[in-house]
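Below you'll find the structure, written out as structure tokens, and then a few comments.
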Amino acid sequence: MRKAVLALVLTVLTVGASGAAEAGGTRAGTLSTAKAGTIDYTVYLPYGYGAARNAAVRYPVLYLLHGRGDTMQAWTQVKADLDKLIDDGTIAPVIAVLPDAPWSERGSWYVDSAYDGGTAVETALTHDLVSHVDATYRTAAHRGARLVGGYSMGGYGALRYALAHQDLFANALVLSPAVYNPLPPADSSAREFGAFGQGGERFVDDVYRRLNYPALLPTLDPDLPVRMFIAVGDDEWANPDPADAAHDLDYEAATLYNNVRRSDAVAAQFRVLDGGHDWDVWRPAFVAGLTELSSTLSATPPTGIPGPLRGTPGTDWAGGVAADGTVAYAAPGPVDGQPYAGGLDAVVEAPQWTRQFGTPANDRLYGAVSTPDGGVIVAGYTRGDLDGKHPGSPADDGFVARFTATGERAWLTQLGDATKADRFYGLAAAPDGGAYVAGYTSGALAGPSAGDKDLVLARVGADGAVAWTRQLGGAGEDKAYAVAAAASGVYVAGVTSAGLPGAPYLGGTDGFVAAFGTDGTPRWVAADGDLFGGVAVTTAGVVVATGAAGGDVLTTAYSSGGTQRWRTVTAGRGADAGAEVVALAGGEVAVVGFTSSAFGVPAGGADVFALRLSSRGKQQAVAQLGTPRDDGADEFGEENLYAVRSGEHLLITGRTSGDVFVAEVEP
């Protein structure tokens, strides 16, 4: 029964007040408006829309605009494609609205015309029709649940509506768009029907320029991002006039893509298909575009980043979070009236106090852990004389600092090779109130240098004294990004470019986990993936590291003796990476990282995710949160994200739009 219904190309339904009809299909609708008269439209309702079991379900909406001279019936031929995409699970069920555009003898270009006798088409469709659809059908009435699409003249309309009405549409499907920059060629029908006219003139250059996309791009709001799929055929009509060759629609589509992709408010994809200006291009482009855009076309709004944000008006960098809610970061200016030393200062914000410290150079934090007496330890690197014992230091040094429960600095330890760069990127608490720190040295901090950079691990006591330091490296660049400690040992995770002694070199960059005894004795090294950015020891004593492999999230578990227990890859269409592992009850772990994919409901560029894995690496739950900008990662895709367990929740801190956020998430 269901397959038979899905095979129908056009089914006219009569849905009563009870909405009891089970079959999907299309039906006719009308709307009377003050400025545009009657709007006729066809609406596609997905299979099961009228079923009682779906009575509370809300659906995303596609608004599909036809080309010049066509009618709303043109788009009905994609019904079979919609049915299949939904039936296959490629996209979630959607409503599609196909408005008829008879105005200006079907050459309206979907704009409000100022020509004598013109019609306010844009106002009618974006205001009256959208409001009517939301009131009449069970739509999800927010921008993330709306897509506007069109071909040819309808492609112009879809482009304009997506850019001029960002509050309404977050997705745009722009097929063979009849857009011209800066003006249409002399023989273009855009000049004929009065869409871009004024008074008695059918076409006015300034009107066209004002309505065209180059005028809209500078006005866009990056906090209302638009995802756009542009497609065109490779056999578009070629204008024989060399002066107008740049106005061939394949050329114009490429120009459009190269303009919109430079906007911070647009994330664009571009495809060139085999074919001309017809449905041999538009149908496969519709399927490909809807598939591409479906991840953000969601009835459920994305989960945002909670406020308030931490930091200064400048660019701030997250630097860690402790279980008591203390947040560490780096700031380019004063915070809460604290003295500012210059460059980037280290900032520690506890629930009851704030401390800022630094040198005229840059001072960064890369970790914060609570101490048993209510204090906090932070670590990072400095490019200056932070402890007063390193005047004229020519390169970065690592440092560790401890603050008491009332915010006094108990001690600060700065260490490194006297002439080479040294940095600490990882921090773990030690049971005596001290800490383990890990990072890299470019010199000979604890032995001879093996290559470009070597990983370094140090044990700092509760009094700030360095108990021991270990250096391990291969021929290339080796960096430790994370460290975890337990009674069974100390475990360091990071990246190597040429392999480490004790583990096979896999090629390219490898992620590694290196195990040491609590006295610093080297034990074993394992390699996997492209990098590891986080490591933890579970309640069952299993060592779990997370990072990336081939653009996907890689999480791998080892026994305390170095035997691999399980390996999990969490994949999406975009670039994804794990940044932190947090041990949970029962041997489970939470993996926190950043994603450009749809693990949950995407919010923007790079979002933050929190993934709960069982003690055997099986996915139990996932959450995704973010803003329209990059969150948890910088513009170069480098992580800037930290997480810790606090009671029954995860505390996550990271970077968003130059500020620092703190989010509480269910693990």
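Residue numbers start at 1 in each chain; chains themselves are named A, B, ... in the order of the structure tokens; ligands are numbered from 1 in the order shown.
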Handout entry: Selection: 8 Å around range 264-267 of chain A, only C-alpha atoms, excl. self and same-chain fewer than 4 positions, as a ChimeraX atom specification
Key = /A:220-228,260
Practice task
Would you kindly return, as a list in words, each protein, DNA or RNA residue with an atom no farther than 9 Å from any atom of Asp454 in chain A, considering only C-alpha atoms and excluding same-chain residues fewer than 5 positions away?
Solution key: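 So, after excluding close chain neighbours, the residues are Gly439, Tyr440, Thr441, Ser442, Gly443, Ala444, Ser449, Gln471, Leu472, Gly473, Gly474, Ala475, Gly476, Glu477, Asp478, Lys479, Ala480 and Thr496 of chain A.
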Handout entry: Non-local contacts of Ala368 in chain A (7 Å; only C-alpha atoms; under 4 positions in same chain excluded) as a PyMOL selection string
Key = chain A and resi 320-322+328+376-379
Problem - Computed interatomic separation between CA of Ala487 in chain A and CA of Gly434 in chain A (Å) - result: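 CA of Ala487 in chain A sits 14.5 Å away from CA of Gly434 in chain A.
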Exercise for the section: Quick one: everything within 10 Å of Leu365 in chain A, counting only C-alpha atoms, minus sequence neighbours fewer than 5 positions away in the same chain. Send it as a list of chain:residue names. Expected result: A:Trp317, A:Ala318, A:Gly319, A:Gly320, A:Ala328, A:Tyr329, A:Ala330, A:Leu344, A:Asp345, A:Ala346, A:Val347, A:Val348, A:Val378, A:Ala379, A:Gly380, A:Tyr381, A:Thr382, A:Gly398, A:Phe399, A:Val400, A:Phe424, A:Tyr425, A:Gly426
Handout entry: Contacts of range 159-166 of chain A at 9 Å (only C-alpha atoms; same-chain gap of 5+ positions) as a PyMOL selection string
Key = chain A and resi 110-111+122+126+143+147-150+154+171-174+177+179+211-213+216-217+219-221+224-226+228+266
Exercise for the section: Using DSSP on the backbone coordinates, identify the residues of range 288-427 of chain A assigned to strand (DSSP E); present them as number ranges by chain. Expected result: A: 317-321, 327-331, 345-349, 354-357, 363-370, 376-382, 397-403, 409-415, 422-427
Handout entry: Computed interatomic separation between CA of Thr556 in chain A and CA of Ala428 in chain A (Å)
Key =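 Interatomic distance, CA of Thr556 in chain A to CA of Ala428 in chain A: 19.5 Å.
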